[in-house]
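Just model23.cif here, mmCIF, C-alpha atoms:
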```
data_run
loop_
_atom_site.group_PDB
_atom_site.id
_atom_site.type_symbol
_atom_site.label_atom_id
_atom_site.label_comp_id
_atom_site.auth_asym_id
_atom_site.auth_seq_id
_atom_site.Cartn_x
_atom_site.Cartn_y
_atom_site.Cartn_z
ATOM 1 C CA MET U 1 16.394 -1.646 -5.443
ATOM 2 C CA LYS U 2 13.048 -1.319 -7.133
ATOM 3 C CA ALA U 3 12.078 1.808 -9.037
ATOM 4 C CA LEU U 4 8.857 3.394 -7.788
ATOM 5 C CA THR U 5 6.858 4.964 -10.591
ATOM 6 C CA ALA U 6 3.801 5.959 -8.552
ATOM 7 C CA ILE U 7 2.971 6.888 -4.983
ATOM 8 C CA ALA U 8 0.613 3.909 -4.791
ATOM 9 C CA GLU U 9 3.667 1.625 -5.058
ATOM 10 C CA LEU U 10 5.253 3.416 -2.115
ATOM 11 C CA HIS U 11 2.081 3.101 -0.025
ATOM 12 C CA THR U 12 1.870 -0.616 -0.861
ATOM 13 C CA ALA U 13 5.489 -1.159 0.161
ATOM 14 C CA VAL U 14 4.972 0.714 3.450
ATOM 15 C CA GLN U 15 1.840 -1.302 4.247
ATOM 16 C CA ALA U 16 3.702 -4.567 3.568
ATOM 17 C CA VAL U 17 6.361 -3.629 6.125
ATOM 18 C CA LYS U 18 3.810 -2.390 8.667
ATOM 19 C CA GLN U 19 1.781 -5.600 8.453
ATOM 20 C CA GLY U 20 2.527 -7.722 11.470
ATOM 21 C CA ALA U 21 5.253 -5.406 12.740
ATOM 22 C CA PRO U 22 5.253 -4.810 16.503
ATOM 23 C CA ALA U 23 5.920 -1.085 15.948
ATOM 24 C CA PHE U 24 6.296 1.387 13.102
ATOM 25 C CA ILE U 25 8.635 4.383 12.937
ATOM 26 C CA THR U 26 9.329 6.667 9.986
ATOM 27 C CA ASN U 27 11.581 9.553 9.152
ATOM 28 C CA LEU U 28 9.999 10.204 5.746
ATOM 29 C CA PHE U 29 8.497 13.677 5.990
ATOM 30 C CA VAL U 30 8.107 14.714 2.370
ATOM 31 C CA ALA U 31 4.990 16.143 0.711
ATOM 32 C CA GLU U 32 3.104 13.661 -1.486
ATOM 33 C CA GLN U 33 3.427 16.050 -4.437
ATOM 34 C CA ARG U 34 7.212 15.980 -4.144
ATOM 35 C CA LEU U 35 7.274 12.178 -3.922
ATOM 36 C CA GLN U 36 5.053 11.933 -7.010
ATOM 37 C CA HIS U 37 7.330 14.348 -8.873
ATOM 38 C CA TRP U 38 10.391 12.251 -8.056
ATOM 39 C CA ALA U 39 8.587 9.028 -8.995
ATOM 40 C CA ALA U 40 7.474 10.485 -12.330
ATOM 41 C CA ARG U 41 11.068 11.511 -13.084
ATOM 42 C CA GLY U 42 12.375 8.016 -12.246
ATOM 43 C CA GLU U 43 14.301 9.244 -9.200
ATOM 44 C CA LEU U 44 12.520 7.273 -6.464
ATOM 45 C CA PHE U 45 13.578 3.760 -5.416
ATOM 46 C CA ALA U 46 12.813 1.390 -2.551
ATOM 47 C CA ARG U 47 14.370 -1.678 -1.038
ATOM 48 C CA ALA U 48 12.504 -3.890 1.412
ATOM 49 C CA GLU U 49 14.566 -5.702 4.038
ATOM 50 C CA ARG U 50 12.778 -7.926 6.550
ATOM 51 C CA GLU U 51 11.131 -5.357 8.815
ATOM 52 C CA ALA U 52 12.453 -2.231 7.119
ATOM 53 C CA LEU U 53 11.772 -0.276 3.961
ATOM 54 C CA LEU U 54 14.610 1.863 2.668
ATOM 55 C CA ILE U 55 13.585 4.669 0.318
ATOM 56 C CA PHE U 56 16.131 6.365 -1.908
ATOM 57 C CA ARG U 57 16.114 9.302 -4.258
ATOM 58 C CA GLN U 58 18.584 9.198 -7.131
ATOM 59 C CA GLU U 59 19.986 12.624 -7.888
ATOM 60 C CA ARG U 60 23.041 13.456 -10.002
ATOM 61 C CA GLY U 61 24.201 9.843 -9.883
ATOM 62 C CA LEU U 62 23.938 9.536 -6.104
ATOM 63 C CA ALA U 63 21.237 7.581 -4.280
ATOM 64 C CA HIS U 64 20.484 9.209 -0.927
#
```

Conversion result in structure tokens:
Amino acid sequence: MKALTAIAELHTAVQAVKQGAPAFITNLFVAEQRLQHWAARGELFARAEREALLIFRQERGLAH
């Protein structure tokens, strides 16, 4: 997993997955302010897998 320290990193990762993909679906419905807060606190992580981007938030020792 890669730590995301800014929202721009998240947008870049999403664009990389979307590029050339036949379709795009998301279930990430979080306000940008909240994402930035988590990134600033070091709680936001991402893992790119082929045609998917998994986004995790680390909280109390649990990534979910």

Separation of atom CA of U:Ala13 and atom CA of U:Glu59, in Å?
-> 21.6 Å

Result set, the PyMOL selection byres ((chain U and resi 25-32) around 12) on current file, as a PyMOL selection string = chain U and resi 6-8+10-11+14+17-18+21-24+33-39+51-57

Find the distance between atom CA of U:Ala40 and atom CA of U:Gln19 and write it in Å to one decimal.
->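 Interatomic distance here is 26.9 Å.
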
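Distance annotation: of U:Met1, U:Arg60, U:Gly20, U:Glu9, the residue with the minimal separation from U:Phe45 is U:Met1; atom set is all atoms listed in the file.
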
6 Å per side around stretch 27-43 of chain U: axis-aligned box centre and edge lengths, as lines of an AutoDock Vina configuration file:
```
center_x = 8.7
center_y = 12.1
center_z = -2.0
size_x = 23.2
size_y = 20.1
size_z = 34.2
```
